[in-house]
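Notes to accompany the following structure.
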Amino acid sequence: MSLPLVVMLPFLGAIAAPLFAQGGRTAIAIASSVPALIALAALYPQWQVLADGGVVLFHQPWLPALGLSLSFRLDGLSLLFALLILIIGLLIILYSRYYLKPKENIAKFYALLLCFKGAMLGIVMSSNLLLMLIFWELTSLVSFLLIGFWTHKQDARRGARMALAVTGGGGLALLAGILIIGNIVGSFELDDVLAAGDQIKAHAMYPVVLTLVLLGAFTKSAQFPFHFWLPHAMQAPTPVSAYLHSATMVKAGIFLMARLYPALAGTEQWFYMVSFTGMATLLLGAYTAMLKHDLKGLLAYSTVSHLGLITLLFGMGTKLAAVAAVFHVINHATFKASLFMAAGIIDHETGTRDMRRINGLWRYMPHTATLAMVAASSMAGVPLLNGFLSKEMFFAESLDLNLPGLWAWLPPIIATLAGIFSVAYSVRFVHDVFFNGKPVDLPVFPPHEPPRYMKIPVEILVFACVMVGIFPAISVGPLLFAAASATLGGDVPDYHLTFAHGLNLPLLMSFVAFFGGLLMYSQRQRFFDFHARFKEIDEKAVFEAAVARVTEAANRLTARLENGSLQRYAMLLVLSVIVIAAAPLANLGLFIGANGLTPVDAPTGIAVAVLIIAAIMTAVMHRERFYALVLLSVVGLIVALGFARFSAPDLAMTQLSVEVVTIVLLMLALYYMPSWTPIESSSGRRLRDLLIALVAGGGMTLITLAMLTRPFSSISDFFLANSKPEGGGTNVVNVILVDFRGFDTLGEITVLAIAALGIYAMLKNTALTPPPGDGQGHPWTRDTHPMMLRQIARPMLPLALMVSVYIFLRGHNLPGGGFIAGLVTSVALILQYVASGMDWTEDRIPFKYHNMIGLGLLFAVIAGAGSLAFSYPFLTSTFGHIHWPFVGEFELASAMIFDLGVYLTVIGATLLALVSIGRLSPHSAIKPGPEAN
Amino acid sequence: MELVFALAIGTLTASGVYLLLRARTFPVVVGLTLLSYGVNLFLFSTGRLATGAQPIIGSTESYTDPLPQALVLTAIVIGFAMTAFVVVLSLRSLADHDDDHVNGDQSSSEPDSAAPEKREGHDQ
C-alpha cells in the first residue's frame with residue numbers, strides 16, 4: 001500500500017500546502033516538505049528487498065477492459081529516480097523559499113512543484129505503461145505551468161509553449177508506441193512487457209515501436225534534433241530549471257530508455273538510432289554551451305550535452321555502458337542541480353546572468369564561488385569528484401565499441417572532443433564569473449553572499465559530489481547496483497567503483513580533454529570569431545513562425561468548414577451520412593432478402609398511401625405553415641395507426657398522445673412566428689436539396705426493405721419468457737421499460753427532465769410579441785376562450801384523470817403504463833389551459849411543474865435504491881399479490897413506484913415546456929417580463 | 001407489405017430531409033418531426049412486421065419482438081422533448097434576433113454561397 005501512497009502524497013500536499021500560505025513563506029515551505037519526508041520514510045523499509053535485486057509491486061485493477069490498471073512497482077531503478085526526485089525536491093523547496101521574491105505567489109509555486117513531484121514519481125513507479133503515460137503527460141502539463149510561472153514575461157510564455165508542444169508531441173508518439181507494444185504483448189503491465197522482449201524485437205512492427213517510443217524519450221530528454229526547447233525553457237525560475245531541467249524531467253526520457261531497456265534494446269536499430277542521436281546531441285550541446293554568454297544558457301546546453309552522453313551510453317548496448325549511464329544520471333543530477341542553484345544565487349545577487357558583465361565575483365561571494373567551483377570541476381570531470389568516475393567509464397566504453405574499420409575511431413574521438421568542450425565551458429563558468437577582472441555594470445552592486453539557508457542545498461549536493469567521487473563504493477555502490485540490476489533485468493556485469501583505476505587509456509583521454517579544454521578556453525576569442533562567421537538560427541523565431549503558419553492554416557480550414565451557417569451544417573451532416581452509408585449498402589447486393597415480400601391488405605395500403613401523400617404535401621406546402629402543421633398531424637395519426645396495426649398497442653397509445661401534445665406545442669409556437677415562409681433559396685439550391693432528400697429517402701427505403709426481407713434472430717425470447725415469472729407483468733414492453741431495462745428508462749426520463757428545465761431556463765425573462773393577426777390580414781378572434789370549449793373541457797378533466805389512473809395501473813399487464821398515463825394526464829391539463837387560459841388554470845393548480853419533475857425523478861431513484869437496502873443490485877424489482885377488500889386480488893410490483901416516477905416526470909416535463917412557451921406572450925404572463933424589442 | 005412500409009419510411013425521410021435543409025426555423029422543426037417519425041418506424045420495424053401478435057403474455061399465440069417497441073416508446077417521448085427544445089430554441093432565436101432564420105444573427109439575406117468570405121473576420 002505504501003507505493004500508491006508515495007505517488008499520491010505530493011498531490012495531496014499540492015492541495016494542502018497553499019492552506020498554509022497565511023502562515024508566511026517559511027510555514028508553507030515546511031508544509032510542502034512534509035509529503036517528501038513521509039514518502040522517504042515510507043520507502044526506507046523497502047530498501048532491504050530492493051538491495052538484493054527484489055521488486056515491490058502493487059496492483060489494483062482500474063479499467064481492465066482497456067488494460068489500464070493502478071499498478072506500481074518499486075525496484076532499484078525506480079528507487080534511484082524516486083530518491084533523486086524526493087531529495088532534490090526537498091532541497092529545491094528550501095532553496096525556493098529564499099529565491100522567490102516576497103510579492104510572488106509562492107503558494108502556487110509550491111503547489112505546482114508538488115504536482116510535478118507527484119507526476120514524476122508516478123512515471124518512475126508506474127508498473128503499467130498506460131498509467132505511466134498519464135503521469136508522463138502530467139509532467140509536460142505541469143512543466144508548462146512552471147516554465148511560464150512568470151506569466152508577465154513573453155519569453156517565459158513562449159518558452160513554456162515550445163516545451164509543451166515538443167514534449168506533448170513526443171508524448172503522442174509515445175502513446176502510439178505503447179499502444180502497439182500492448183497490442184504485440186497483449187498487456188500493458190511492465191512485467192509482461194519486459195518478459196516479452198524477444199517477442200517485441202522479433203515482431204514486424206518493432207522498428208515502428210522503437211521509433212515512436214524513442215521519439216517520446218528524445219523529445220522529453222532534449223535530444224537532437226528536439227533539443228531546442230530546453231534552452232528556451234530556461235526562462236523558468238531557477239529552482240524550476242534546477243529541478244525539472246537538470247535533475248528530473250529531462251531524465252524522464254532517459255528513464256524510459258532504461259525502463260524499457262530489456263524490452264527494446266540490443267538490436268542494430270536500437271544501437272544506430274540511440275547511439276548516433278546521443279553522439280550528435282553530446283557534441284552539439286557541448287559546442288553550443290561554449291558559445292553562450294548567458295549563465296543558464298551555458299548550463300542548459302551543457303545539460304543537453306550530458307543527456308546526449310547518457311543516451312549514447314544506453315545506445316552502445318553493452319551492459320557496462322548501461323551501468324555507466326545509470327551512474328551518470330546520479331552524478332549529473334547532483335552537480336548540475338547545484339550549478340543551477342549557484343547560477344540562481346548569482347542571478348539573484350547581481351541581477352543579471354550575462355557572463356560578459358559578471359566577473360570577479362570571488363571577492364564578493366567566496367563561499368558560493370567555492371561551491372560552484374567544486375561542482376563545475378565535477379562537470380569537467382576532474383578526478384576525486386563524481387563526474388570524473390562516470391566520464392572515465394564512458395571513455396572506457398567508447399573504446400570498446402565494435403564498429404567496423406575506421407569507424408571504431410569515431411566514438412573515442414567524439415568522446416574526447418566532447419570532453420574538451422566540457423572542460424572548456426566548465427572553466428569558462430568558473431573563470432569568467434569568479435575571476436577575469438572586475439564586474440561590469442551590474443544592476444545590483446555590490447553583490448553579497450545569499451542568505452545562509454539558500455546555500456545549504458548547494459552545500460549538500462556538492463558534498464554528495466565529493467563523497468561519491470572519493471568513496472563511490474560506500475556512498476552509491478549498493479544503490480547503483482540495485483538500479484543497474486533492475487535496468488538490465490538482473491544480469492549485472494563486473495565493475496569496480498573506485499576513485500582511480502590507475503594508468504590506462506581512458507585516463508589518457510581525460511588528460512587530453514583536460515588540457516585541450518584549458519587550451520580551448522584560453523583561445524576562446526578565436527573560437528567565438530570562428531562561430532560568428534555562421535548565421536545564427538533563432539529557434540524561437542523559427543518555432544513561432546511554424547506555429548503561426550499551422551494556426552493560420554487551421555483557421556483557414558475551420559473558416560471553410562465552419563462558416564456560421566446552420567443550414568450548411570445540416571446539409572453537410574446529411575451528405576456525410578449518405579456518403580458513409582453508401583459503401584456498406586453497395587456491398588449488400590440484392591435489396592430483397594431471402595424472406596421475400598408479403599402481400600398488402602387494402603386498409604393498410606390506403607393508410608400508407610395517405611401517409612405518403614400527407615408527408616409529401618407537408619414538404620410541398622411548407623410555406624403555408626398552418627397547413628403544413630395540419631398535414632403533419634395527419635402523418636402522426638397514421639403512424640399511430642400503423643403501430644396499432646403491427647402489434648404495438650403501447651406504441652400506438654404513446655404516439656397518439658404525443659401527437660396531440662406536439663401539435664399543440666407547434667400551434668403555440670406558430671402563434672409567435674410568422675405564418676408564412678418566404679422564398680429564400682434559389683431554384684438551383686432547392687433542386688440540390690431535393691436531390692439530397694431523394695437520395696436519403698431512397699436509401700432509407702432500400703435499407704428498410706433489405707432489413708425487413710431478411711431472416712433475423714432476436715434476444716427478446718429472454719424477455720418474453722421471464723416477463724411474467726421475473727417481472728410480474730404480462731405486458732412485456734412495460735416490464736422491459738420499468739424492470740429489465742429500468743436503468744435506461746431512468747436515464748431517459750432524466751433527459752426529459754433536463755430538456756424541460758432547459759426550455760424553462762431558455763425562455764425565462766424572454767418576451768415575444770405575437771403578430772397582430774394570422775398573417776393574411778385576419779385579426780385574432782377576441783373570444784380567446786370560447787364558452788363551449790370551456791364547458792366541455794372542465795368536466796373532461798376528472799374523467800381524463802380517471803382514465804389515466806386506469807391506464808397507469810393496468811400498465812404492467814395490459815397496454816399502458818407511466819409514459820402513456822403521464823401523456824394522457826398532460827393532454828387533459830393542456831386542454832384546461834387552452835380552454836380557460838393561463839391565469840385561470842394556474843390559480844387552480846396547487847403545485848409547480850419543476851417540483852413535479854424533481855419528485856418524479858426522486859420516486860424513480862428511490863424505487864431503484866430500495867433494492868439496495870435488501871442488498872440486491874440497483875433497480876431490482878419485486879412483486880407480490882395483495883387481497884383488497886371489495887376489489888379482490890391485486891398485484892403490486894415495486895416497479896410501479898418506478899413507473900410512478902416516470903408518470904410524474906412526463907407530466908412535469910410536458911407541461912413545464914408548454915407553459916413556458918405559453919407564458920412568452922406579454923398578455924398571458926402573470927408577471928410581465930421586460931418587453932423584448 | 002414490406003415494400004409499402006419501406007416506401008413510407010423513405011417518403012418520411014425524404015420530406016424530412018428536404019425540410020431540414022430549409023432556411024427558416026419552423027420548416028426545420030417540422031422536418032425534424034417527420035424525420036423522427038421515419039426513424040421511429042424504422043427502429044420499430046427491426047422487430048419485423050407482425051399482425052395480431054402484441055407482446056402481451058397470454059393474449060395471443062405468438063408474440064412479436066417487444067424490445068424495439070420498448071426502445072421506440074421512449075424514443076417517441078424523448079423525441080417530443082427534443083422537438084419541444086428545438087421549438088423553444090427557435091422561439092428564443094426569434095426573440096433575440098427578431099428573425100426566424102436558422103443562421104441566427106446572420107442577416108436574413110440569401111446565404112446561398114460565398115459565405116466563408118463574409119464570415120472570415122468572425123473567427124479572430
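By order of appearance in the C-alpha cells: chains A, B, ..., then residues from 1 within every chain, and ligands from 1 in the order shown.
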request  = Just the residues within 12 Å of A:Ile178, please, counting only C-alpha atoms, with nothing from its chain fewer than 4 positions along; format it as a ChimeraX atom specification.
outcome  = /A:67-68,128-134,171-174,182-190,193,200,205-206,208-216,256,260,263-264
Written selection (N, CA and C atoms) as an mmCIF file, in the first residue's frame:
```cif
data_model
loop_
_atom_site.group_PDB
_atom_site.id
_atom_site.type_symbol
_atom_site.label_atom_id
_atom_site.label_comp_id
_atom_site.auth_asym_id
_atom_site.auth_seq_id
_atom_site.Cartn_x
_atom_site.Cartn_y
_atom_site.Cartn_z
ATOM 1 N N GLY A 67 -6.967 -2.424 -20.380
ATOM 2 C CA GLY A 67 -5.619 -2.824 -19.978
ATOM 3 C C GLY A 67 -4.978 -1.830 -19.032
ATOM 4 N N LEU A 68 -5.773 -0.907 -18.526
ATOM 5 C CA LEU A 68 -5.222 0.115 -17.633
ATOM 6 C C LEU A 68 -5.420 -0.324 -16.195
ATOM 7 N N ASN A 128 2.443 0.043 -15.060
ATOM 8 C CA ASN A 128 1.554 -0.129 -16.198
ATOM 9 C C ASN A 128 1.898 0.979 -17.171
ATOM 10 N N LEU A 129 2.136 0.604 -18.423
ATOM 11 C CA LEU A 129 2.643 1.597 -19.373
ATOM 12 C C LEU A 129 1.638 2.716 -19.608
ATOM 13 N N LEU A 130 0.341 2.376 -19.622
ATOM 14 C CA LEU A 130 -0.652 3.427 -19.849
ATOM 15 C C LEU A 130 -0.686 4.387 -18.674
ATOM 16 N N LEU A 131 -0.605 3.817 -17.473
ATOM 17 C CA LEU A 131 -0.585 4.665 -16.283
ATOM 18 C C LEU A 131 0.639 5.578 -16.328
ATOM 19 N N MET A 132 1.759 5.005 -16.743
ATOM 20 C CA MET A 132 2.973 5.798 -16.829
ATOM 21 C C MET A 132 2.775 6.957 -17.805
ATOM 22 N N LEU A 133 2.097 6.673 -18.900
ATOM 23 C CA LEU A 133 1.887 7.717 -19.893
ATOM 24 C C LEU A 133 1.037 8.857 -19.341
ATOM 25 N N ILE A 134 0.072 8.501 -18.501
ATOM 26 C CA ILE A 134 -0.754 9.553 -17.890
ATOM 27 C C ILE A 134 0.135 10.492 -17.082
ATOM 28 N N GLY A 171 4.929 12.959 -26.477
ATOM 29 C CA GLY A 171 4.036 12.118 -25.676
ATOM 30 C C GLY A 171 3.034 11.381 -26.549
ATOM 31 N N LEU A 172 2.557 12.061 -27.603
ATOM 32 C CA LEU A 172 1.618 11.394 -28.510
ATOM 33 C C LEU A 172 2.282 10.219 -29.216
ATOM 34 N N ALA A 173 3.523 10.474 -29.670
ATOM 35 C CA ALA A 173 4.251 9.388 -30.327
ATOM 36 C C ALA A 173 4.428 8.224 -29.359
ATOM 37 N N LEU A 174 4.764 8.568 -28.121
ATOM 38 C CA LEU A 174 4.963 7.526 -27.122
ATOM 39 C C LEU A 174 3.672 6.743 -26.898
ATOM 40 N N GLY A 182 1.434 -2.807 -26.455
ATOM 41 C CA GLY A 182 0.346 -3.519 -25.791
ATOM 42 C C GLY A 182 -0.327 -4.496 -26.730
ATOM 43 N N ASN A 183 -0.401 -4.110 -28.000
ATOM 44 C CA ASN A 183 -1.013 -4.974 -28.990
ATOM 45 C C ASN A 183 -0.173 -6.215 -29.249
ATOM 46 N N ILE A 184 1.143 -6.018 -29.256
ATOM 47 C CA ILE A 184 2.030 -7.153 -29.525
ATOM 48 C C ILE A 184 2.038 -8.103 -28.325
ATOM 49 N N VAL A 185 2.184 -7.502 -27.131
ATOM 50 C CA VAL A 185 2.363 -8.328 -25.943
ATOM 51 C C VAL A 185 1.022 -8.824 -25.394
ATOM 52 N N GLY A 186 -0.027 -8.013 -25.618
ATOM 53 C CA GLY A 186 -1.325 -8.394 -25.063
ATOM 54 C C GLY A 186 -1.525 -7.893 -23.655
ATOM 55 N N SER A 187 -0.646 -7.014 -23.204
ATOM 56 C CA SER A 187 -0.775 -6.468 -21.856
ATOM 57 C C SER A 187 0.054 -5.213 -21.780
ATOM 58 N N PHE A 188 -0.387 -4.296 -20.899
ATOM 59 C CA PHE A 188 0.405 -3.084 -20.694
ATOM 60 C C PHE A 188 1.193 -3.163 -19.396
ATOM 61 N N GLU A 189 1.084 -4.285 -18.704
ATOM 62 C CA GLU A 189 1.813 -4.412 -17.444
ATOM 63 C C GLU A 189 3.297 -4.553 -17.737
ATOM 64 N N LEU A 190 4.079 -3.832 -16.965
ATOM 65 C CA LEU A 190 5.512 -3.780 -17.230
ATOM 66 C C LEU A 190 6.147 -5.169 -17.161
ATOM 67 N N VAL A 193 5.565 -6.906 -20.352
ATOM 68 C CA VAL A 193 6.272 -6.288 -21.472
ATOM 69 C C VAL A 193 7.764 -6.610 -21.394
ATOM 70 N N ILE A 200 8.817 -8.814 -28.852
ATOM 71 C CA ILE A 200 8.696 -7.475 -29.426
ATOM 72 C C ILE A 200 9.756 -7.270 -30.492
ATOM 73 N N MET A 205 6.488 -5.054 -36.407
ATOM 74 C CA MET A 205 6.260 -3.657 -36.056
ATOM 75 C C MET A 205 7.389 -3.090 -35.184
ATOM 76 N N TYR A 206 8.381 -3.902 -34.862
ATOM 77 C CA TYR A 206 9.414 -3.438 -33.930
ATOM 78 C C TYR A 206 10.036 -2.102 -34.329
ATOM 79 N N VAL A 208 8.789 0.353 -35.938
ATOM 80 C CA VAL A 208 7.826 1.427 -35.688
ATOM 81 C C VAL A 208 7.744 1.718 -34.197
ATOM 82 N N VAL A 209 7.607 0.641 -33.414
ATOM 83 C CA VAL A 209 7.527 0.794 -31.964
ATOM 84 C C VAL A 209 8.745 1.551 -31.458
ATOM 85 N N LEU A 210 9.901 1.096 -31.902
ATOM 86 C CA LEU A 210 11.146 1.692 -31.411
ATOM 87 C C LEU A 210 11.188 3.179 -31.758
ATOM 88 N N THR A 211 10.850 3.499 -33.018
ATOM 89 C CA THR A 211 10.887 4.904 -33.425
ATOM 90 C C THR A 211 9.948 5.738 -32.575
ATOM 91 N N LEU A 212 8.727 5.235 -32.368
ATOM 92 C CA LEU A 212 7.746 6.026 -31.629
ATOM 93 C C LEU A 212 8.167 6.221 -30.176
ATOM 94 N N VAL A 213 8.595 5.131 -29.543
ATOM 95 C CA VAL A 213 8.995 5.241 -28.144
ATOM 96 C C VAL A 213 10.201 6.164 -28.019
ATOM 97 N N LEU A 214 11.151 6.021 -28.936
ATOM 98 C CA LEU A 214 12.332 6.880 -28.855
ATOM 99 C C LEU A 214 11.979 8.335 -29.121
ATOM 100 N N LEU A 215 10.988 8.567 -30.001
ATOM 101 C CA LEU A 215 10.547 9.953 -30.214
ATOM 102 C C LEU A 215 10.085 10.557 -28.899
ATOM 103 N N GLY A 216 9.318 9.768 -28.150
ATOM 104 C CA GLY A 216 8.873 10.238 -26.841
ATOM 105 C C GLY A 216 10.055 10.517 -25.935
ATOM 106 N N LEU A 256 12.907 6.279 -19.356
ATOM 107 C CA LEU A 256 12.115 5.417 -20.232
ATOM 108 C C LEU A 256 13.009 4.430 -20.973
ATOM 109 N N LEU A 260 12.646 0.443 -20.414
ATOM 110 C CA LEU A 260 12.295 -0.476 -21.498
ATOM 111 C C LEU A 260 13.532 -1.140 -22.102
ATOM 112 N N ALA A 263 13.246 -4.662 -22.964
ATOM 113 C CA ALA A 263 12.221 -4.961 -23.964
ATOM 114 C C ALA A 263 12.628 -4.496 -25.352
ATOM 115 N N LEU A 264 13.407 -3.426 -25.439
ATOM 116 C CA LEU A 264 13.652 -2.837 -26.757
ATOM 117 C C LEU A 264 15.115 -2.848 -27.177
#
```
inquiry  = For A:Ala29, find every residue with an atom within 7 Å (counting only C-alpha atoms), except residues of its own chain fewer than 6 positions away, and show them as a VMD selection string.
reply    = chain A and resid 93 to 94 97
inquiry  = List as number ranges by chain the protein and nucleic acid residues near B:Leu89, meaning an atom at most 8 Å away when only C-alpha atoms are counted, but skip any in the same chain fewer than 4 places from it.
reply    = A: 759, 762; B: 85, 93
Atoms kept (N, CA and C atoms) for selection, written as a PDB file, in the first residue's frame:
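Final output, again.pdb:
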```pdb
ATOM      1  N   ILE A 759     -35.713  24.217 -21.375  1.00  0.00           N
ATOM      2  CA  ILE A 759     -36.719  25.069 -22.018  1.00  0.00           C
ATOM      3  C   ILE A 759     -37.122  26.200 -21.073  1.00  0.00           C
ATOM      4  N   MET A 762     -34.394  28.683 -20.821  1.00  0.00           N
ATOM      5  CA  MET A 762     -34.156  29.431 -22.045  1.00  0.00           C
ATOM      6  C   MET A 762     -35.210  30.525 -22.231  1.00  0.00           C
TER       7      MET A 762
ATOM      8  N   PHE B  85     -37.651  21.240 -27.349  1.00  0.00           N
ATOM      9  CA  PHE B  85     -36.438  22.011 -27.102  1.00  0.00           C
ATOM     10  C   PHE B  85     -36.055  22.831 -28.339  1.00  0.00           C
ATOM     11  N   SER B  93     -34.453  32.313 -30.465  1.00  0.00           N
ATOM     12  CA  SER B  93     -33.698  32.957 -31.535  1.00  0.00           C
ATOM     13  C   SER B  93     -34.530  34.060 -32.180  1.00  0.00           C
TER      14      SER B  93
END
```
inquiry  = So that I can check the surroundings of A:Ile358, please list as number ranges by chain every protein, DNA and RNA residue that reaches within 9 Å of it, counting only C-alpha atoms and ignoring chain neighbours fewer than 2 positions away.
reply    = A: 346, 350, 352-356, 360-361, 432-434, 438-442
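Between B:Thr60 and the candidates A:Ala415, A:Leu37, A:Phe499, A:Thr730, the tightest atom-to-atom separation, counting only C-alpha atoms, involves A:Thr730.
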key: DSSP-assigned strand (DSSP E or B) members of stretch 542-783 of chain A, reported as a VMD selection string   = chain A and resid 624 676 731 773 779
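Every protein or nucleic acid residue with an atom no more than 8 Å from B:Thr11, counting only C-alpha atoms and leaving out same-chain residues fewer than 2 positions away, appears here: Ile612, Ala615, Ile616 and Gly697 of chain A; Leu7, Ala8, Ile9, Thr13, Ala14 and Ser15 of chain B.
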Find the residues around A:Tyr261 up to 10 Å (only C-alpha atoms counted), leave out those fewer than 2 positions away in its own chain, and share them as a PDB file with C-alpha atoms, in the first residue's frame.
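Listed below is the output, result-v5.pdb:
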```
ATOM      1  CA  LEU A 194       9.772  -6.755 -20.077  1.00  0.00           C
ATOM      2  CA  GLY A 197      11.381  -8.505 -25.091  1.00  0.00           C
ATOM      3  CA  PHE A 255      14.409   6.676 -17.505  1.00  0.00           C
ATOM      4  CA  LEU A 256      12.115   5.417 -20.232  1.00  0.00           C
ATOM      5  CA  MET A 257      15.065   4.034 -22.168  1.00  0.00           C
ATOM      6  CA  ALA A 258      16.382   2.390 -19.019  1.00  0.00           C
ATOM      7  CA  ARG A 259      12.964   1.027 -18.098  1.00  0.00           C
ATOM      8  CA  ALA A 263      12.221  -4.961 -23.964  1.00  0.00           C
ATOM      9  CA  LEU A 264      13.652  -2.837 -26.757  1.00  0.00           C
ATOM     10  CA  ALA A 265      17.432  -2.669 -26.567  1.00  0.00           C
ATOM     11  CA  GLY A 266      20.068  -4.953 -28.005  1.00  0.00           C
ATOM     12  CA  TRP A 270      18.454   0.453 -31.251  1.00  0.00           C
ATOM     13  CA  PHE A 314      22.435   3.427 -23.450  1.00  0.00           C
ATOM     14  CA  GLY A 315      22.765   3.208 -27.196  1.00  0.00           C
ATOM     15  CA  GLY A 317      24.118  -1.626 -25.876  1.00  0.00           C
ATOM     16  CA  ALA A 322      24.196   0.802 -19.177  1.00  0.00           C
ATOM     17  CA  ALA A 486      16.745  -3.556 -12.399  1.00  0.00           C
ATOM     18  CA  THR A 487      17.716  -1.926 -15.693  1.00  0.00           C
ATOM     19  CA  LEU A 488      19.454  -4.973 -17.068  1.00  0.00           C
ATOM     20  CA  GLY A 489      16.915  -7.438 -15.755  1.00  0.00           C
TER      21      GLY A 489
END
```
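Atom pair atom CA of A:Thr167 / atom CA of A:Phe135 has a distance of 12.9 Å (rounded to one decimal).
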inquiry  = Which residue is closest to B:Asn103? Choose from A:Gly564, A:Gly170, A:Gly24, A:Gly351 and count only C-alpha atoms.
reply    = A:Gly564
request  = Extract the full set of alpha helix (DSSP H) residues from stretch 30-266 of chain A according to DSSP on the backbone, and format it as an MDAnalysis selection string.
outcome  = chainID A and resid 30:43 47:51 76:99 106:125 129:147 154:185 190:195 197:202 206:220 229:232 238:242 249:259 261:264
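A straight line drawn from atom CA of A:Tyr243 to atom CA of A:Ile85 is 8.2 Å long.
Distances to chain B were evaluated for A:Leu79, A:Leu632, A:Val49, A:Val803 using only C-alpha atoms, and the minimum falls at A:Leu632.
Note that the spacing between atom CA of A:Asp538 and atom CA of A:Ala233 amounts to 14.2 Å.
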